[in-house]
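Text of upload.txt, listed as compact mmCIF, C-alpha atoms:
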```
# COMPACT_ATOMS: atom_id res chain seq x y z
CA MET U 1 1.44 1.68 0.07
CA THR U 2 -1.83 2.72 -1.47
CA ALA U 3 -1.93 3.66 -5.15
CA ASP U 4 -2.88 7.27 -4.38
CA LEU U 5 0.46 7.74 -2.59
CA HIS U 6 2.72 6.15 -5.21
CA LEU U 7 5.20 8.69 -6.57
CA ASP U 8 4.22 8.14 -10.21
CA THR U 9 0.47 8.54 -9.70
CA ARG U 10 0.02 10.86 -6.73
CA ALA U 11 -1.40 14.28 -7.41
CA GLY U 12 -0.55 15.86 -4.05
CA TRP U 13 -1.29 14.86 -0.47
CA PRO U 14 -4.57 13.30 0.69
CA GLN U 15 -6.62 15.33 3.14
CA ASP U 16 -5.19 13.71 6.30
CA LEU U 17 -1.66 14.76 5.31
CA ARG U 18 -2.69 18.30 4.37
CA LEU U 19 -2.84 18.96 8.11
CA TYR U 20 -0.97 22.28 8.00
CA LEU U 21 -1.02 22.97 4.28
CA GLU U 22 -4.68 24.06 4.46
CA ARG U 23 -3.74 26.60 7.14
CA TYR U 24 -0.54 27.67 5.36
CA PRO U 25 -0.99 27.50 1.56
CA ARG U 26 2.07 28.27 -0.59
CA PRO U 27 1.16 31.93 -1.28
CA LEU U 28 1.45 32.69 2.47
CA TRP U 29 4.92 31.16 2.90
CA PRO U 30 7.17 34.03 1.74
CA GLY U 31 5.86 36.59 4.24
CA HIS U 32 5.23 34.32 7.23
CA ALA U 33 7.02 35.21 10.48
CA ASN U 34 8.15 31.60 11.00
CA LEU U 35 9.80 31.33 7.58
CA GLY U 36 13.31 31.11 9.00
CA GLU U 37 16.66 30.17 7.58
CA MET U 38 15.96 26.43 7.37
CA ALA U 39 12.67 26.88 5.51
CA ARG U 40 14.27 29.39 3.11
CA PHE U 41 17.17 26.98 2.53
CA TRP U 42 14.72 24.12 1.95
CA LEU U 43 12.92 26.06 -0.75
CA GLU U 44 16.14 27.35 -2.29
CA ILE U 45 17.78 23.91 -2.56
CA HIS U 46 14.64 22.68 -4.35
CA GLY U 47 14.90 25.61 -6.79
CA ARG U 48 12.79 25.49 -9.92
CA ILE U 49 14.08 26.23 -13.43
CA PRO U 50 12.51 25.66 -16.87
CA ALA U 51 12.81 22.09 -18.16
CA GLU U 52 14.86 23.08 -21.23
CA GLU U 53 17.38 24.96 -19.10
CA PHE U 54 17.60 22.07 -16.66
CA ARG U 55 18.20 19.53 -19.45
CA ALA U 56 21.05 21.64 -20.85
CA TRP U 57 22.55 21.92 -17.37
CA LEU U 58 22.05 18.24 -16.48
CA ALA U 59 24.28 16.48 -19.00
CA PRO U 60 27.67 18.04 -18.09
CA ARG U 61 26.91 18.00 -14.38
CA LEU U 62 25.12 14.68 -13.97
CA GLN U 63 27.60 13.23 -11.49
CA THR U 64 27.49 16.33 -9.29
CA LEU U 65 23.70 16.30 -9.32
CA LEU U 66 23.51 12.63 -8.39
CA SER U 67 26.02 13.03 -5.57
CA HIS U 68 24.08 15.96 -4.15
CA LEU U 69 20.78 14.08 -4.42
CA HIS U 70 22.20 11.10 -2.57
CA GLY U 71 23.57 13.28 0.25
CA HIS U 72 20.36 15.33 0.38
CA HIS U 73 18.21 12.21 0.71
CA GLN U 74 20.51 10.74 3.40
CA ILE U 75 20.14 13.88 5.51
CA GLU U 76 16.37 13.89 5.09
CA ASP U 77 15.92 10.15 5.75
CA TYR U 78 18.19 9.97 8.79
CA GLN U 79 17.90 13.42 10.34
CA PHE U 80 15.00 15.57 9.25
CA PHE U 81 12.21 13.06 8.60
CA PRO U 82 12.65 11.35 12.00
CA LEU U 83 12.77 14.78 13.68
CA PHE U 84 9.60 15.97 11.93
CA SER U 85 7.85 12.62 12.52
CA ALA U 86 8.54 12.87 16.23
CA ALA U 87 7.31 16.47 16.28
CA GLU U 88 4.03 15.64 14.49
CA PRO U 89 3.06 11.95 14.59
CA ARG U 90 0.00 12.62 12.42
CA LEU U 91 2.36 13.23 9.49
CA VAL U 92 4.48 10.06 9.93
CA ARG U 93 2.77 8.36 7.00
CA GLY U 94 3.74 11.27 4.76
CA PHE U 95 7.38 11.06 5.79
CA GLU U 96 7.33 7.31 5.18
CA VAL U 97 6.00 8.00 1.68
CA LEU U 98 8.78 10.52 1.07
CA GLU U 99 11.38 7.95 2.15
CA ARG U 100 9.90 5.44 -0.32
CA ASP U 101 10.02 8.16 -2.98
CA HIS U 102 13.77 8.33 -2.43
CA GLU U 103 14.03 4.64 -3.35
CA GLN U 104 12.01 5.20 -6.53
CA ILE U 105 14.07 8.28 -7.39
CA HIS U 106 17.23 6.19 -6.90
CA ALA U 107 15.90 3.67 -9.43
CA SER U 108 15.36 6.54 -11.88
CA ILE U 109 18.90 7.77 -11.23
CA VAL U 110 20.29 4.33 -12.05
CA ALA U 111 18.34 4.31 -15.32
CA VAL U 112 19.60 7.80 -16.23
CA VAL U 113 23.22 6.82 -15.53
CA GLU U 114 22.91 3.61 -17.55
CA THR U 115 21.39 5.35 -20.57
CA ALA U 116 23.83 8.28 -20.34
CA ASN U 117 26.73 5.81 -20.38
CA THR U 118 25.21 4.00 -23.38
CA LEU U 119 24.88 7.32 -25.19
CA LEU U 120 28.45 8.35 -24.38
CA ARG U 121 29.81 4.98 -25.56
CA ALA U 122 27.89 5.04 -28.84
CA VAL U 123 30.12 5.08 -31.91
CA PRO U 124 29.70 8.42 -33.72
CA ALA U 125 29.24 6.72 -37.09
CA ASP U 126 26.31 4.62 -35.82
CA LEU U 127 23.59 7.27 -36.02
CA ASP U 128 20.75 4.82 -35.35
CA ARG U 129 22.39 3.67 -32.12
CA ILE U 130 23.07 7.28 -31.08
CA ARG U 131 19.43 8.21 -31.75
CA GLY U 132 18.17 5.21 -29.80
CA ALA U 133 20.53 5.89 -26.91
CA GLY U 134 19.62 9.57 -26.95
CA ASP U 135 15.91 8.76 -26.92
CA ALA U 136 16.37 6.33 -24.01
CA TYR U 137 18.40 8.91 -22.08
CA ALA U 138 15.74 11.56 -22.74
CA ARG U 139 12.92 9.25 -21.58
CA ASN U 140 14.77 8.32 -18.39
CA SER U 141 15.77 11.92 -17.71
CA ASP U 142 12.17 13.05 -18.18
CA ALA U 143 10.96 10.32 -15.82
CA LEU U 144 13.52 11.38 -13.20
CA LEU U 145 12.54 15.03 -13.55
CA ARG U 146 8.83 14.22 -13.22
CA ARG U 147 9.51 12.17 -10.10
CA LEU U 148 11.73 14.88 -8.60
CA ASP U 149 9.17 17.59 -9.34
CA ARG U 150 6.34 15.62 -7.70
CA HIS U 151 8.51 14.62 -4.74
CA LEU U 152 9.93 18.08 -4.09
CA GLY U 153 6.51 19.71 -4.25
CA ASP U 154 4.98 17.17 -1.88
CA GLU U 155 7.96 17.37 0.47
CA GLU U 156 7.64 21.15 0.67
CA ASP U 157 3.86 20.90 1.14
CA LEU U 158 4.39 18.64 4.16
CA ILE U 159 7.41 20.34 5.77
CA ILE U 160 7.10 24.09 5.24
CA PRO U 161 3.59 24.37 6.75
CA LEU U 162 4.79 22.33 9.76
CA ILE U 163 7.72 24.74 10.20
CA LEU U 164 5.34 27.71 9.85
CA GLU U 165 3.00 26.19 12.45
CA ARG U 166 5.67 25.38 15.04
CA GLY U 167 8.69 27.53 14.18
CA GLU U 168 12.16 26.17 13.50
CA ALA U 169 13.37 26.51 17.09
CA ALA U 170 10.42 24.53 18.45
CA LEU U 171 11.18 21.74 15.95
CA GLY U 172 14.83 21.61 16.97
CA ILE U 173 16.24 22.79 13.63
```
Go through the file and emit its structure as structure tokens.
Amino acid sequence: MTADLHLDTRAGWPQDLRLYLERYPRPLWPGHANLGEMARFWLEIHGRIPAEEFRAWLAPRLQTLLSHLHGHHQIEDYQFFPLFSAAEPRLVRGFEVLERDHEQIHASIVAVVETANTLLRAVPADLDRIRGAGDAYARNSDALLRRLDRHLGDEEDLIIPLILERGEAALGI
């Protein structure tokens, strides 16, 4: 994988993977005739909220979030990405990148779980250990959120314009 496509350093898709995004930039998506149920669901499930609100929500619901992410990635990797790759072979490289992103996101999830467990096991009287564990959890959570934000944006930028170009029915979804 080239450095420009690595999840931690990529700043969007290179020109060859912006195949439909140039024709269908984000501002056109909401009113497009081909924005069907699947595309609306895709955007809704990726919903954006402010970082502070997300952090407050994350801690008590971490297990639920991680379970949903795992299931979401399984569906994409084994159903949607192969379907979209077959429909538009010029975008295969982008879907391969998104699959690799899932592996990197999984590594971030493992780090978040490990540091959350360390924080939860910290003895209340040991303030230095709690601070250290809290800082580690915050760093890993921030890294996961950055990766998810980049991944979700790039995923939408690859998939939604393809759906708008072809229509959901033509793609078999």
| When distances are computed from all atoms listed in the file, which of U:Arg166, U:Arg146, U:His151, U:Arg40 shows the smallest separation from U:Glu88? | U:Arg166
Once 8 Å is added on each side, what are the centre and the three edge lengths, in Å to one decimal, of the axis-aligned box enclosing the listed atoms of stretch 145-156 of chain U? Present them as JSON.
```
{"center_x": 8.8, "center_y": 16.7, "center_z": -6.4, "size_x": 23.6, "size_y": 25.0, "size_z": 30.2}
```
| task | Might you pull out every residue within 9 Å of U:Gly12, with all atoms listed in the file counted and same-chain residues fewer than 2 positions away left off, and present them as a VMD selection string? | result | chain U and resid 4 to 5 10 14 150 153 to 154 157
| query | From the set U:Gly71, U:Gly132, U:Gly36, U:Pro30, which residue has the shortest atom-to-atom contact distance to U:Gly167, counting only C-alpha atoms? | reply |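 For U:Gly167, the nearest of the given residues is U:Gly36.
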Tell me which protein, DNA and RNA residues are within 8 Å of stretch 101-107 of chain U, counting all atoms listed in the file, leaving out same-chain ones fewer than 4 positions away, and put them as a CSV table (one decimal) with C-alpha atoms, keeping the file's coordinate frame.
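What landed in result_38.csv:
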```
chain,number,residue,atom,x,y,z
U,6,HIS,CA,2.7,6.2,-5.2
U,7,LEU,CA,5.2,8.7,-6.6
U,73,HIS,CA,18.2,12.2,0.7
U,97,VAL,CA,6.0,8.0,1.7
U,111,ALA,CA,18.3,4.3,-15.3
U,144,LEU,CA,13.5,11.4,-13.2
U,147,ARG,CA,9.5,12.2,-10.1
U,148,LEU,CA,11.7,14.9,-8.6
U,151,HIS,CA,8.5,14.6,-4.7
```
| Distance in Å - atom CA of U:Thr118 versus atom CA of U:Leu69 |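 Separation between atom CA of U:Thr118 and atom CA of U:Leu69: 21.9 Å.
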| field | Between atom CA of U:Ala169 and atom CA of U:Met38 - distance in Å to one decimal | value |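 We find that atom CA of U:Met38 and atom CA of U:Ala169 lie 10.1 Å from each other.
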| query | At what distance in Å, to one decimal, does atom CA of U:Ser141 lie from atom CA of U:Ala3? | reply | 23.2 Å
| query | Given the choices U:Leu28, U:Val113, U:Ile130, U:Ile173, which gets closest to U:Leu65 if the distance is worked out from only C-alpha atoms? | reply | U:Val113
| said: Here is a test: counting all atoms listed in the file, which residue of U:Leu98, U:Ala133, U:Leu19, U:Ala11 is nearest to U:Glu114? | reply: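 Under the stated criterion, the closest residue is U:Ala133.
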| Looking at U:Gln74, U:Thr64, U:Gln15, U:Asn34, which one is nearest to U:Leu162, with distances taken over all atoms listed in the file? |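 Ranking U:Gln74, U:Thr64, U:Gln15, U:Asn34 by distance to U:Leu162, first place goes to U:Asn34.
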| Shortest interatomic distance to U:Gly47 - which of U:Pro60, U:Asp149, U:Gly94, U:Leu21, counting only C-alpha atoms |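 Distance minimum relative to U:Gly47 lands on U:Asp149.
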| Contacts of U:Tyr24 at 12 Å (only C-alpha atoms; same-chain gap of 6+ positions) as a list in words |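 Here the answer would be Arg18, Pro30, Gly31, His32, Ala33, Asn34, Leu35, Glu156, Asp157, Leu158, Ile159, Ile160, Pro161, Leu162, Ile163, Leu164, Glu165 and Arg166 of chain U.
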